[in-house]
Amino acid sequence: MVEAVRCTGRVLPGWRAALLVVEERWIWYRRNWRATAISSLLQPLLFLVAFGVGFGRLIDASDRAAQVTGGVPYLVYLAPALLVIGAMQTAAFESTYPILSAFAWQRTYWSVTATPVTPGQLAGGQLTWIALRLTLSGAAYLLVVVLFGAMHGLGVLASLVFAVLSGMAFSAPLVAFSAVQENEGTAFTAVFRFVVVPMTLFSGTFFPISLLPGVIQPLAWISPLWHGTELARGAVLGTVALWPAFGHITYLMALLLVGVLLSRWRFQVRLTR
Amino acid sequence: MAGSVDRMSDNGAALVHARGLRKRFGTVEAVCGIDVGVRPAETFGFLGPNGAGKSSTMRMIACVSPRSAGELQVFGMDPDIEGPRIRARLGVVPQEDNLDNELSVRENLHVYGRYFGLSRATVRAKAAELLDFTQLTDRAADPVNLLSGGMKRRLTIARSLVNDPELMLLDEPTTGLDPQARHLLWDRLFRLKQQGVTLIITTHYMDEAEQLCDRLVVMNGGLIVAEGSPVELIARYSTREVLELRFRPGDQHSWLDAVHDLADRVEKLPDRLLLYTLDGEAALATAHQRGVRPVSSLVRRSTLEDVFLRLTGRSLVD
C-alpha cells in the first residue's frame with residue numbers, strides 16, 4: 001500500500017483570497033512600475049504646468065476669473081480636478097487591456113480559479129488592486145503638487161479618497177464590460193473615444209459645467225468624473241457643502257456597487273463555463 | 001465493464017465517482033452520460049479523438065465547470081457545493097499553458113502556491129524543490145516568455161504540484177512537445193505515481209496511455225465506449241499480433257481478396273493492409289504462398305492504437 005499523500009492546500013477566507021490577487025499584481029508592479037509611472041504621474045503634471053501655469057495666467061488676468069474659480073488662482077482651482085482626471089484615466093487603462101489579457105490572451109484568470117480561489121474573490125481582488133493603483137499614483141501626484149505649493153491642508157487627503165472613489169465608480173462597471181470582450185475588436189477604442197475623452201473635457205475640470213450649453217449639462221451629471229471633481233475640489237478649497245457632497249458620494253457609491261456586482265457576475269459566468 | 005465501475009463506487013473509496021455525468025453547452029452535448037470511478041493511487045486515462053468530451057469531463061472534475069446533469073463526487077464531496085475545498089487538494093495541468101508570462105519562473109510558483117494558502121516561507125522552500133524536480137533551477141529568475149514549450153509545460157506541472165496534491169488532472173500534458181521533452185515529462189509523472197499521487201490524464205497519444213495508465217476509458221462522441229487496462233483492452237478489442245503489408249498506394253485493394261481469410265479482421269490504410277491475427281508470421285507465410293508480393297511487411301504486437309482505431313473509427317475528428 002502506498003503512503004497517502006499529505007496535501008498542503010487549504011481554503012482561505014474570501015477577503016484573504018482577494019488580497020492574494022492583489023499580492024500577485026503587486027509582484028508584477030514591483031518590476032514594472034516605471035512604465036506606468038510615466039503615464040499616471042507625468043501626464044497630469046504636464047497638464048497642470050501647461051494649463052495651470054501657462055493658460056492660468058490668462059485666466060487670472062481676466063475680470064471674470066473670480067466668477068469661475070471662486071477667487072483662487074486658476075492653478076489652485078485646477079490641481080485637485082487633475083488629480084481626479086488622473087485617477088479616471090488610470091482606471092480606464094487598468095480596467096480594459098489587463099482584464100482582457102487575463103481572460104483571453106494569457107488566460108491567467110483560469111489558472112487562479114483552478115485553485116481554491118473563486119471567480120468572485122478574483123474579481124474582488126482585481127478591483128482592489130485597481131483601487132490601490134489609483135491610490136498610489138494619486139498620492140505621488142499630490143506629493144509633487146503639495147511640494148509645488150498648489151495645495152495644502154487636510155483637504156488634500158480627502159481629495160485623494162474622493163479621486164479614488166470616483167475612479168473606482170468608473171472602473172468597476174468597465175471591468176464588467178471588459179470581462180465580456182472576446183478579443184480587442186473596437187470596443188475599447190470606442191470606450192476611450194466616446195466615453196473617456198468627452199468625460200475628460202466636459203466634467204468641470206477646466207471650467208464649471210454651468211458654462212456648458214444647457215443640453216450638454218445632463219451628460220456631466222451622469223459622469224462619475226464630475227461628481228469626483230466637485231468633491232475633490234470642494235475638499236481642497238473648503239467650499240464643499242454637506243448635502244451636495246452627500247449626493248455626489250451616494251451617486252459614486254451606487255455606481256461602484258453596481259459595477260462590483262456586475263463584475264463578480266461576469267467573472268463567475270465566464271470562468272465556470 | 002459496468003461491473004468494475006460498480007464494484008469501485010460501492011467500496012466508497014473512489015477519489016472520483018461519476019454516474020450519468022453530462023455536460024451541455026447550449027444545444028451541444030459534450031458529455032452524454034458517463035460513469036467513471038478512479039481509485040486512489042492509480043493512473044487513469046481518458047482516451048479519445050478531439051471533441052470526444054475528455055476536456056469537458058476534466059473541467060467538471062476540476063470543479064471549474066458545473067455539471068449539467070448526473071452525479072459527481074470528488075474526494076466524496078460535491079463540486080457544486082464544495083468546489084474550493086476540492087480544488088485545494090487538486091493539481092491541475094490545463095491543456096493550454098496559462099502561466100503569467102510577465103513574471104519569472106520562480107514568481108509563477110510563488111504566486112500560485114500562495115493561492116493555496118501556503119506561507120511565504122513554505123512556498124519558497126517548495127518552489128526550490130519543484131524547480132529541482134522539473135530541472136528548471138537555472139531558469140528560476142527568467143521571465144516565462146523566454147522558456148521553450150517543453151520548459152513551460154514542465155513549469156506548469158511544477159506549479160500544479162505546489163500544494164502536494166492528492167489528485168492530479170493532466171489535460172493532454174505532452175501535446176506539442178518533442179520526443180525528448182515528452183520522455184522527461186513521463187519520467188516525472190512516473191515518479192509522482194510512485195509517491196502515491198493519483199493521476200488522471202487525457203491524451204490522444206496511444207503510447208502515452210500505454211506507458212502511464214493503469215486503467216483507462218476510451219471516449220467517443222461524449223460517451224465511454226470501452227474501459228479497462230491497456231492489456232485488457234488489447235485482448236478484448238484486438239488480436240495478439242498485427243501483420244502489416246505495405247503496397248504501392250492504391251494497390252492494396254487488389255490484394256484484399258487474397259488475404260482477407262488469413263485474419264480475424266483487416267483494416268485498409270492508404271498504403272497498407274493491417275491483418276489482425278493471432279500469428280502474424282504464419283499469416284505472412286501463407287500470403288507469400290498465395291503470391292502476395294508486398295513492398296514490405298512487418299509483424300508486430302497489437303497496441304492501444306489498434307484498439308483506438310477500431311473503437312473510434314478510422315476517420316479523424318478535428
# chains A, B, ... in the order shown; residues from 1 in each chain; ligands from 1

$ interface_residues --of "chain B" --to "chain A" --cutoff "7 Å" --atoms "only C-alpha atoms" --output "JSON list (two decimals) with N, CA and C atoms, in the first residue's frame"
[["chain", "number", "residue", "atom", "x", "y", "z"],
["B", 64, "VAL", "N", -14.33, 23.47, -12.08],
["B", 64, "VAL", "CA", -14.36, 24.79, -12.70],
["B", 64, "VAL", "C", -15.46, 24.87, -13.74],
["B", 65, "SER", "N", -16.24, 23.80, -13.87],
["B", 65, "SER", "CA", -17.31, 23.77, -14.86],
["B", 65, "SER", "C", -18.44, 22.93, -14.27],
["B", 66, "PRO", "N", -19.55, 23.56, -13.90],
["B", 66, "PRO", "CA", -20.62, 22.80, -13.25],
["B", 66, "PRO", "C", -21.24, 21.78, -14.20],
["B", 84, "PRO", "N", -14.20, 24.92, -3.73],
["B", 84, "PRO", "CA", -12.91, 25.37, -3.22],
["B", 84, "PRO", "C", -12.18, 24.32, -2.37],
["B", 85, "ARG", "N", -12.94, 23.59, -1.54],
["B", 85, "ARG", "CA", -12.29, 22.57, -0.70],
["B", 85, "ARG", "C", -11.72, 21.44, -1.54],
["B", 87, "ARG", "N", -10.77, 21.82, -4.78],
["B", 87, "ARG", "CA", -9.65, 22.38, -5.57],
["B", 87, "ARG", "C", -8.39, 22.52, -4.73],
["B", 88, "ALA", "N", -8.54, 22.72, -3.42],
["B", 88, "ALA", "CA", -7.37, 22.85, -2.55],
["B", 88, "ALA", "C", -6.53, 21.58, -2.59],
["B", 89, "ARG", "N", -7.14, 20.45, -2.95],
["B", 89, "ARG", "CA", -6.42, 19.17, -2.92],
["B", 89, "ARG", "C", -6.07, 18.67, -4.32],
["B", 92, "VAL", "N", -3.72, 20.82, -11.12],
["B", 92, "VAL", "CA", -4.31, 20.87, -12.45],
["B", 92, "VAL", "C", -3.29, 21.32, -13.49],
["B", 98, "ASN", "N", -1.31, 28.45, -19.03],
["B", 98, "ASN", "CA", -1.79, 29.77, -18.63],
["B", 98, "ASN", "C", -0.89, 30.37, -17.56],
["B", 99, "LEU", "N", 0.42, 30.25, -17.80],
["B", 99, "LEU", "CA", 1.39, 30.86, -16.91],
["B", 99, "LEU", "C", 1.37, 32.37, -17.10],
["B", 100, "ASP", "N", 1.85, 33.09, -16.10],
["B", 100, "ASP", "CA", 1.96, 34.54, -16.26],
["B", 100, "ASP", "C", 3.30, 34.84, -16.92],
["B", 103, "LEU", "N", 5.86, 37.31, -15.35],
["B", 103, "LEU", "CA", 6.53, 37.01, -14.08],
["B", 103, "LEU", "C", 7.64, 35.99, -14.35],
["B", 111, "VAL", "N", 3.41, 32.76, -6.57],
["B", 111, "VAL", "CA", 2.04, 33.30, -6.62],
["B", 111, "VAL", "C", 1.01, 32.17, -6.53],
["B", 114, "ARG", "N", 0.73, 30.60, -3.07],
["B", 114, "ARG", "CA", 0.05, 31.49, -2.13],
["B", 114, "ARG", "C", -1.47, 31.34, -2.23],
["B", 115, "TYR", "N", -1.96, 31.09, -3.46],
["B", 115, "TYR", "CA", -3.41, 30.91, -3.63],
["B", 115, "TYR", "C", -3.92, 29.67, -2.89],
["B", 116, "PHE", "N", -3.00, 28.74, -2.59],
["B", 116, "PHE", "CA", -3.40, 27.55, -1.83],
["B", 116, "PHE", "C", -3.21, 27.76, -0.34],
["B", 117, "GLY", "N", -2.98, 29.01, 0.05],
["B", 117, "GLY", "CA", -2.88, 29.32, 1.48],
["B", 117, "GLY", "C", -1.53, 28.97, 2.09],
["B", 118, "LEU", "N", -0.51, 28.75, 1.26],
["B", 118, "LEU", "CA", 0.81, 28.43, 1.81],
["B", 118, "LEU", "C", 1.49, 29.72, 2.28],
["B", 163, "ASN", "N", 0.94, 22.45, -4.03],
["B", 163, "ASN", "CA", 0.16, 22.15, -2.82],
["B", 163, "ASN", "C", 0.22, 20.67, -2.44],
["B", 164, "ASP", "N", 1.18, 19.93, -2.99],
["B", 164, "ASP", "CA", 1.25, 18.47, -2.78],
["B", 164, "ASP", "C", -0.12, 17.83, -3.01],
["B", 165, "PRO", "N", -0.63, 17.90, -4.23],
["B", 165, "PRO", "CA", -2.00, 17.45, -4.49],
["B", 165, "PRO", "C", -2.15, 15.94, -4.30],
["B", 166, "GLU", "N", -3.37, 15.54, -3.89],
["B", 166, "GLU", "CA", -3.67, 14.11, -3.79],
["B", 166, "GLU", "C", -4.08, 13.57, -5.14],
["B", 196, "GLY", "N", 2.61, 7.85, -4.83],
["B", 196, "GLY", "CA", 1.24, 7.61, -4.39],
["B", 196, "GLY", "C", 0.25, 8.66, -4.85],
["B", 197, "VAL", "N", 0.68, 9.55, -5.76],
["B", 197, "VAL", "CA", -0.26, 10.55, -6.28],
["B", 197, "VAL", "C", -1.18, 9.88, -7.31]]

$ select_by_dssp --residues "stretch 223-313 of chain B" --states "strand (DSSP E)" --output "PDB file with C-alpha atoms, in the first residue's frame"
ATOM      1  CA  LEU B 223     -19.718   8.501 -24.381  1.00  0.00           C
ATOM      2  CA  ILE B 224     -17.428   5.889 -22.910  1.00  0.00           C
ATOM      3  CA  VAL B 225     -17.042   3.137 -25.492  1.00  0.00           C
ATOM      4  CA  ALA B 226     -14.595   0.891 -23.612  1.00  0.00           C
ATOM      5  CA  GLU B 227     -12.955   0.581 -20.235  1.00  0.00           C
ATOM      6  CA  GLY B 228     -10.075  -1.477 -18.861  1.00  0.00           C
ATOM      7  CA  GLU B 241      -0.425  -9.717 -33.407  1.00  0.00           C
ATOM      8  CA  VAL B 242      -0.797  -7.495 -36.422  1.00  0.00           C
ATOM      9  CA  LEU B 243       0.657  -8.202 -39.846  1.00  0.00           C
ATOM     10  CA  GLU B 244       1.249  -5.005 -41.795  1.00  0.00           C
ATOM     11  CA  LEU B 245       1.573  -5.457 -45.553  1.00  0.00           C
ATOM     12  CA  ARG B 246       2.745  -2.351 -47.396  1.00  0.00           C
ATOM     13  CA  ARG B 265     -10.158  -8.546 -39.283  1.00  0.00           C
ATOM     14  CA  VAL B 266      -8.474  -6.495 -41.997  1.00  0.00           C
ATOM     15  CA  GLU B 267      -8.086  -2.719 -41.984  1.00  0.00           C
ATOM     16  CA  LYS B 268      -7.304  -0.790 -45.163  1.00  0.00           C
ATOM     17  CA  LEU B 269      -4.956   2.164 -44.830  1.00  0.00           C
ATOM     18  CA  ARG B 272      -1.112  -0.857 -46.467  1.00  0.00           C
ATOM     19  CA  LEU B 273      -3.339  -3.617 -45.153  1.00  0.00           C
ATOM     20  CA  LEU B 274      -3.424  -4.425 -41.436  1.00  0.00           C
ATOM     21  CA  LEU B 275      -4.199  -8.096 -40.752  1.00  0.00           C
ATOM     22  CA  TYR B 276      -5.334  -8.719 -37.188  1.00  0.00           C
ATOM     23  CA  THR B 277      -4.360 -12.279 -36.307  1.00  0.00           C
ATOM     24  CA  SER B 296       7.490  -4.635 -47.317  1.00  0.00           C
ATOM     25  CA  SER B 297       5.916  -6.448 -44.405  1.00  0.00           C
ATOM     26  CA  LEU B 298       6.021  -6.230 -40.632  1.00  0.00           C
ATOM     27  CA  VAL B 299       4.720  -8.406 -37.838  1.00  0.00           C
ATOM     28  CA  ARG B 300       4.117  -6.572 -34.581  1.00  0.00           C
ATOM     29  CA  ARG B 301       2.143  -6.834 -31.383  1.00  0.00           C
TER      30      ARG B 301
END

$ select_by_dssp --residues "stretch 227-301 of chain B" --states "helix (DSSP H, G or I)" --output "list in words"
Pro230, Val231, Glu232, Leu233, Ile234, Ala235, Arg236, Tyr237, Gln252, His253, Ser254, Trp255, Leu256, Asp257, Ala258, Val259, His260, Asp261, Leu262, Gly280, Glu281, Ala282, Ala283, Leu284, Ala285, Thr286, Ala287, His288 and Gln289 of chain B

$ write_last_selection --atoms "N, CA and C atoms" --output "PDB file, in the first residue's frame"
ATOM      1  N   PRO B 230      -4.734  -1.249 -20.311  1.00  0.00           N
ATOM      2  CA  PRO B 230      -4.283  -1.331 -21.705  1.00  0.00           C
ATOM      3  C   PRO B 230      -4.239  -2.778 -22.196  1.00  0.00           C
ATOM      4  N   VAL B 231      -3.733  -3.686 -21.363  1.00  0.00           N
ATOM      5  CA  VAL B 231      -3.623  -5.084 -21.781  1.00  0.00           C
ATOM      6  C   VAL B 231      -5.003  -5.700 -22.017  1.00  0.00           C
ATOM      7  N   GLU B 232      -5.908  -5.432 -21.095  1.00  0.00           N
ATOM      8  CA  GLU B 232      -7.278  -5.959 -21.239  1.00  0.00           C
ATOM      9  C   GLU B 232      -7.929  -5.449 -22.518  1.00  0.00           C
ATOM     10  N   LEU B 233      -7.749  -4.160 -22.776  1.00  0.00           N
ATOM     11  CA  LEU B 233      -8.398  -3.576 -23.946  1.00  0.00           C
ATOM     12  C   LEU B 233      -7.858  -4.178 -25.230  1.00  0.00           C
ATOM     13  N   ILE B 234      -6.531  -4.411 -25.238  1.00  0.00           N
ATOM     14  CA  ILE B 234      -5.934  -5.004 -26.435  1.00  0.00           C
ATOM     15  C   ILE B 234      -6.463  -6.422 -26.611  1.00  0.00           C
ATOM     16  N   ALA B 235      -6.544  -7.155 -25.493  1.00  0.00           N
ATOM     17  CA  ALA B 235      -7.035  -8.534 -25.574  1.00  0.00           C
ATOM     18  C   ALA B 235      -8.490  -8.544 -26.040  1.00  0.00           C
ATOM     19  N   ARG B 236      -9.280  -7.576 -25.570  1.00  0.00           N
ATOM     20  CA  ARG B 236     -10.701  -7.596 -25.874  1.00  0.00           C
ATOM     21  C   ARG B 236     -11.003  -7.087 -27.278  1.00  0.00           C
ATOM     22  N   TYR B 237     -10.289  -6.066 -27.708  1.00  0.00           N
ATOM     23  CA  TYR B 237     -10.687  -5.412 -28.961  1.00  0.00           C
ATOM     24  C   TYR B 237      -9.713  -5.630 -30.104  1.00  0.00           C
ATOM     25  N   GLN B 252      -3.266  -1.774 -52.643  1.00  0.00           N
ATOM     26  CA  GLN B 252      -3.669  -2.652 -51.542  1.00  0.00           C
ATOM     27  C   GLN B 252      -5.041  -3.278 -51.761  1.00  0.00           C
ATOM     28  N   HIS B 253      -5.923  -2.560 -52.507  1.00  0.00           N
ATOM     29  CA  HIS B 253      -7.287  -3.073 -52.694  1.00  0.00           C
ATOM     30  C   HIS B 253      -7.293  -4.401 -53.459  1.00  0.00           C
ATOM     31  N   SER B 254      -6.406  -4.507 -54.457  1.00  0.00           N
ATOM     32  CA  SER B 254      -6.431  -5.697 -55.299  1.00  0.00           C
ATOM     33  C   SER B 254      -5.961  -6.949 -54.546  1.00  0.00           C
ATOM     34  N   TRP B 255      -5.262  -6.769 -53.440  1.00  0.00           N
ATOM     35  CA  TRP B 255      -4.783  -7.938 -52.681  1.00  0.00           C
ATOM     36  C   TRP B 255      -5.729  -8.336 -51.557  1.00  0.00           C
ATOM     37  N   LEU B 256      -6.762  -7.532 -51.345  1.00  0.00           N
ATOM     38  CA  LEU B 256      -7.634  -7.757 -50.203  1.00  0.00           C
ATOM     39  C   LEU B 256      -8.251  -9.158 -50.239  1.00  0.00           C
ATOM     40  N   ASP B 257      -8.730  -9.575 -51.425  1.00  0.00           N
ATOM     41  CA  ASP B 257      -9.388 -10.874 -51.533  1.00  0.00           C
ATOM     42  C   ASP B 257      -8.452 -12.018 -51.195  1.00  0.00           C
ATOM     43  N   ALA B 258      -7.164 -11.852 -51.573  1.00  0.00           N
ATOM     44  CA  ALA B 258      -6.199 -12.928 -51.372  1.00  0.00           C
ATOM     45  C   ALA B 258      -5.862 -13.153 -49.904  1.00  0.00           C
ATOM     46  N   VAL B 259      -6.057 -12.120 -49.083  1.00  0.00           N
ATOM     47  CA  VAL B 259      -5.602 -12.253 -47.691  1.00  0.00           C
ATOM     48  C   VAL B 259      -6.720 -12.177 -46.652  1.00  0.00           C
ATOM     49  N   HIS B 260      -7.928 -11.801 -47.066  1.00  0.00           N
ATOM     50  CA  HIS B 260      -8.907 -11.451 -46.036  1.00  0.00           C
ATOM     51  C   HIS B 260      -9.262 -12.628 -45.123  1.00  0.00           C
ATOM     52  N   ASP B 261      -9.101 -13.865 -45.609  1.00  0.00           N
ATOM     53  CA  ASP B 261      -9.432 -15.006 -44.751  1.00  0.00           C
ATOM     54  C   ASP B 261      -8.274 -15.399 -43.831  1.00  0.00           C
ATOM     55  N   LEU B 262      -7.121 -14.695 -43.941  1.00  0.00           N
ATOM     56  CA  LEU B 262      -5.978 -15.032 -43.090  1.00  0.00           C
ATOM     57  C   LEU B 262      -6.048 -14.363 -41.724  1.00  0.00           C
ATOM     58  N   GLY B 280       1.130 -13.712 -36.711  1.00  0.00           N
ATOM     59  CA  GLY B 280       1.458 -12.875 -37.852  1.00  0.00           C
ATOM     60  C   GLY B 280       2.385 -13.565 -38.847  1.00  0.00           C
ATOM     61  N   GLU B 281       3.389 -14.281 -38.299  1.00  0.00           N
ATOM     62  CA  GLU B 281       4.364 -14.943 -39.184  1.00  0.00           C
ATOM     63  C   GLU B 281       3.673 -15.993 -40.060  1.00  0.00           C
ATOM     64  N   ALA B 282       2.765 -16.753 -39.454  1.00  0.00           N
ATOM     65  CA  ALA B 282       2.061 -17.791 -40.210  1.00  0.00           C
ATOM     66  C   ALA B 282       1.234 -17.160 -41.312  1.00  0.00           C
ATOM     67  N   ALA B 283       0.557 -16.062 -40.980  1.00  0.00           N
ATOM     68  CA  ALA B 283      -0.268 -15.375 -41.976  1.00  0.00           C
ATOM     69  C   ALA B 283       0.599 -14.856 -43.110  1.00  0.00           C
ATOM     70  N   LEU B 284       1.780 -14.358 -42.760  1.00  0.00           N
ATOM     71  CA  LEU B 284       2.693 -13.823 -43.779  1.00  0.00           C
ATOM     72  C   LEU B 284       3.156 -14.948 -44.714  1.00  0.00           C
ATOM     73  N   ALA B 285       3.501 -16.094 -44.129  1.00  0.00           N
ATOM     74  CA  ALA B 285       3.955 -17.227 -44.934  1.00  0.00           C
ATOM     75  C   ALA B 285       2.871 -17.662 -45.922  1.00  0.00           C
ATOM     76  N   THR B 286       1.630 -17.762 -45.416  1.00  0.00           N
ATOM     77  CA  THR B 286       0.519 -18.155 -46.292  1.00  0.00           C
ATOM     78  C   THR B 286       0.312 -17.149 -47.414  1.00  0.00           C
ATOM     79  N   ALA B 287       0.417 -15.862 -47.064  1.00  0.00           N
ATOM     80  CA  ALA B 287       0.241 -14.817 -48.069  1.00  0.00           C
ATOM     81  C   ALA B 287       1.286 -14.957 -49.166  1.00  0.00           C
ATOM     82  N   HIS B 288       2.535 -15.221 -48.752  1.00  0.00           N
ATOM     83  CA  HIS B 288       3.611 -15.412 -49.734  1.00  0.00           C
ATOM     84  C   HIS B 288       3.287 -16.575 -50.658  1.00  0.00           C
ATOM     85  N   GLN B 289       2.830 -17.697 -50.056  1.00  0.00           N
ATOM     86  CA  GLN B 289       2.475 -18.882 -50.855  1.00  0.00           C
ATOM     87  C   GLN B 289       1.417 -18.538 -51.891  1.00  0.00           C
TER      88      GLN B 289
END

$ residues_around --residues "B:Leu216" --least-positions-apart "2" --cutoff "7 Å" --atoms "only C-alpha atoms" --output "JSON, numbers by chain"
{"B": [44, 45, 46, 213, 214, 218, 227, 228, 229]}

$ residues_around --residues "A:Ser223" --least-positions-apart "2" --cutoff "12 Å" --atoms "only C-alpha atoms" --output "compact mmCIF listing (two decimals) with N, CA and C atoms, in the first residue's frame"
# COMPACT_ATOMS: atom_id res chain seq x y z
N ILE A 85 -8.98 63.47 -12.70
CA ILE A 85 -8.82 63.03 -14.10
C ILE A 85 -7.76 61.95 -14.20
N MET A 88 -9.16 58.76 -13.09
CA MET A 88 -10.10 58.20 -14.06
C MET A 88 -9.35 57.58 -15.24
N SER A 166 -14.09 58.11 -7.16
CA SER A 166 -14.62 58.44 -8.47
C SER A 166 -14.01 57.56 -9.56
N GLY A 167 -12.69 57.28 -9.44
CA GLY A 167 -12.03 56.37 -10.40
C GLY A 167 -12.63 54.98 -10.34
N ALA A 169 -15.65 54.18 -9.30
CA ALA A 169 -17.03 54.20 -9.78
C ALA A 169 -17.06 54.05 -11.30
N PHE A 170 -15.97 54.45 -11.95
CA PHE A 170 -15.85 54.27 -13.39
C PHE A 170 -15.25 52.89 -13.69
N VAL A 195 -16.27 57.79 -24.48
CA VAL A 195 -16.57 57.93 -23.06
C VAL A 195 -15.47 58.72 -22.34
N VAL A 196 -14.23 58.22 -22.44
CA VAL A 196 -13.16 58.83 -21.66
C VAL A 196 -12.87 60.27 -22.11
N VAL A 197 -12.74 60.46 -23.40
CA VAL A 197 -12.38 61.80 -23.89
C VAL A 197 -13.47 62.84 -23.60
N PRO A 198 -14.74 62.58 -23.95
CA PRO A 198 -15.78 63.58 -23.61
C PRO A 198 -15.86 63.84 -22.11
N MET A 199 -15.69 62.75 -21.32
CA MET A 199 -15.76 62.91 -19.87
C MET A 199 -14.66 63.84 -19.39
N THR A 200 -13.46 63.66 -19.95
CA THR A 200 -12.33 64.49 -19.57
C THR A 200 -12.61 65.96 -19.86
N LEU A 201 -13.26 66.22 -20.99
CA LEU A 201 -13.44 67.60 -21.41
C LEU A 201 -14.62 68.28 -20.75
N PHE A 202 -15.68 67.53 -20.45
CA PHE A 202 -16.93 68.18 -20.02
C PHE A 202 -17.37 67.80 -18.61
N SER A 203 -16.42 67.57 -17.71
CA SER A 203 -16.81 67.20 -16.35
C SER A 203 -16.40 68.25 -15.33
N GLY A 204 -16.26 69.47 -15.78
CA GLY A 204 -15.98 70.54 -14.83
C GLY A 204 -14.54 70.61 -14.38
N THR A 205 -13.65 70.02 -15.16
CA THR A 205 -12.24 70.05 -14.79
C THR A 205 -11.65 71.43 -15.06
N ILE A 209 -19.31 73.33 -15.10
CA ILE A 209 -20.22 72.83 -16.13
C ILE A 209 -21.37 73.80 -16.37
N ILE A 216 -25.99 69.94 -22.87
CA ILE A 216 -24.87 69.03 -22.55
C ILE A 216 -24.75 68.80 -21.05
N GLN A 217 -25.29 69.76 -20.28
CA GLN A 217 -25.10 69.66 -18.82
C GLN A 217 -25.54 68.33 -18.21
N PRO A 218 -26.69 67.78 -18.62
CA PRO A 218 -27.09 66.49 -18.02
C PRO A 218 -26.07 65.38 -18.25
N LEU A 219 -25.30 65.49 -19.35
CA LEU A 219 -24.26 64.48 -19.59
C LEU A 219 -23.20 64.54 -18.49
N ALA A 220 -22.89 65.75 -18.06
CA ALA A 220 -21.91 65.89 -16.99
C ALA A 220 -22.45 65.29 -15.69
N TRP A 221 -23.77 65.42 -15.48
CA TRP A 221 -24.32 64.90 -14.22
C TRP A 221 -24.17 63.39 -14.10
N LEU A 225 -16.83 61.39 -13.17
CA LEU A 225 -15.73 62.34 -13.06
C LEU A 225 -16.21 63.69 -12.51
N TRP A 226 -17.39 64.13 -12.93
CA TRP A 226 -17.89 65.43 -12.45
C TRP A 226 -18.13 65.38 -10.94
N HIS A 227 -18.79 64.29 -10.49
CA HIS A 227 -19.07 64.16 -9.05
C HIS A 227 -17.77 64.13 -8.26
N GLY A 228 -16.79 63.37 -8.78
CA GLY A 228 -15.50 63.29 -8.09
C GLY A 228 -14.79 64.62 -8.07
N THR A 229 -14.87 65.34 -9.19
CA THR A 229 -14.20 66.64 -9.27
C THR A 229 -14.82 67.64 -8.29
N GLU A 230 -16.14 67.66 -8.23
CA GLU A 230 -16.82 68.56 -7.29
C GLU A 230 -16.37 68.27 -5.86
N HIS A 248 -23.25 63.55 -4.18
CA HIS A 248 -22.14 63.07 -5.03
C HIS A 248 -21.64 61.71 -4.55
N TYR A 251 -24.08 58.90 -5.28
CA TYR A 251 -24.08 58.51 -6.69
C TYR A 251 -22.87 57.64 -7.02
N LEU A 252 -21.68 58.07 -6.55
CA LEU A 252 -20.46 57.32 -6.86
C LEU A 252 -20.49 55.94 -6.22
N LEU A 255 -22.78 53.66 -8.21
CA LEU A 255 -22.13 53.22 -9.44
C LEU A 255 -21.10 52.12 -9.14

$ residues_around --residues "stretch 187-194 of chain A" --least-positions-apart "2" --cutoff "10 Å" --atoms "only C-alpha atoms" --output "JSON, numbers by chain"
{"A": [89, 92, 93, 96, 97, 174, 177, 178, 181, 183, 184, 185, 196, 197, 198, 199]}

$ write_last_selection --atoms "C-alpha atoms" --output "PDB file, in the first residue's frame"
ATOM      1  CA  GLN A  89      -7.579  57.720 -16.835  1.00  0.00           C
ATOM      2  CA  ALA A  92      -9.723  53.392 -17.749  1.00  0.00           C
ATOM      3  CA  PHE A  93      -6.482  51.722 -18.719  1.00  0.00           C
ATOM      4  CA  THR A  96      -9.583  47.308 -20.009  1.00  0.00           C
ATOM      5  CA  TYR A  97      -6.495  45.689 -21.550  1.00  0.00           C
ATOM      6  CA  LEU A 174     -15.755  48.993 -17.043  1.00  0.00           C
ATOM      7  CA  PHE A 177     -17.652  45.364 -19.646  1.00  0.00           C
ATOM      8  CA  SER A 178     -14.102  44.113 -20.328  1.00  0.00           C
ATOM      9  CA  GLN A 181     -14.981  41.034 -24.523  1.00  0.00           C
ATOM     10  CA  ASN A 183     -10.924  39.948 -28.406  1.00  0.00           C
ATOM     11  CA  GLU A 184      -9.721  43.503 -28.686  1.00  0.00           C
ATOM     12  CA  GLY A 185     -12.052  44.492 -31.509  1.00  0.00           C
ATOM     13  CA  VAL A 196     -13.158  58.829 -21.658  1.00  0.00           C
ATOM     14  CA  VAL A 197     -12.381  61.800 -23.893  1.00  0.00           C
ATOM     15  CA  PRO A 198     -15.775  63.580 -23.609  1.00  0.00           C
ATOM     16  CA  MET A 199     -15.760  62.912 -19.874  1.00  0.00           C
TER      17      MET A 199
END

$ residues_around --residues "stretch 42-50 of chain A" --least-positions-apart "4" --cutoff "12 Å" --atoms "only C-alpha atoms" --output "compact mmCIF listing (two decimals) with C-alpha atoms, in the first residue's frame"
# COMPACT_ATOMS: atom_id res chain seq x y z
CA ARG A 34 8.40 52.62 -14.07
CA ALA A 35 6.47 52.26 -17.30
CA THR A 36 3.15 53.09 -15.67
CA ALA A 37 4.56 55.92 -13.55
CA ILE A 38 5.18 57.97 -16.69
CA GLY A 54 0.63 78.83 -18.70
CA PHE A 55 -3.04 79.17 -19.54
CA GLY A 56 -3.81 80.12 -15.91
CA ARG A 57 -2.04 83.46 -16.29
CA LEU A 58 -4.51 84.43 -18.99
CA TYR A 74 -6.51 79.03 -11.65
CA LEU A 75 -3.62 76.68 -10.80
CA VAL A 76 -5.15 76.01 -7.38
CA TYR A 77 -8.58 75.59 -8.97
CA LEU A 78 -7.24 73.07 -11.46
CA ALA A 79 -4.87 70.96 -9.31
CA PRO A 80 -7.49 68.85 -7.47
CA ALA A 81 -9.51 68.31 -10.67
CA LEU A 82 -6.44 66.95 -12.46
CA LEU A 83 -5.99 64.50 -9.59
CA VAL A 84 -9.45 63.10 -10.34
CA ILE A 85 -8.82 63.03 -14.10
CA GLY A 86 -5.57 61.14 -13.49
CA ALA A 87 -7.45 58.59 -11.38
CA MET A 88 -10.10 58.20 -14.06
CA GLN A 89 -7.58 57.72 -16.84
CA THR A 90 -5.51 55.21 -14.90
CA SER A 137 -0.47 57.28 -8.42
CA GLY A 138 -2.82 59.83 -6.83
CA ALA A 140 2.51 60.53 -5.96
CA TYR A 141 0.78 63.35 -7.86
CA LEU A 142 -0.38 65.01 -4.64
CA LEU A 143 3.11 64.83 -3.17
CA VAL A 144 4.51 66.76 -6.12
CA VAL A 145 1.66 69.28 -6.14
CA VAL A 146 1.92 69.92 -2.40
CA PHE A 148 4.83 72.86 -5.59
CA ALA A 150 -0.51 74.44 -5.11
CA THR A 200 -12.33 64.49 -19.57
CA THR A 205 -12.24 70.05 -14.79
CA PHE A 206 -11.15 73.13 -16.70
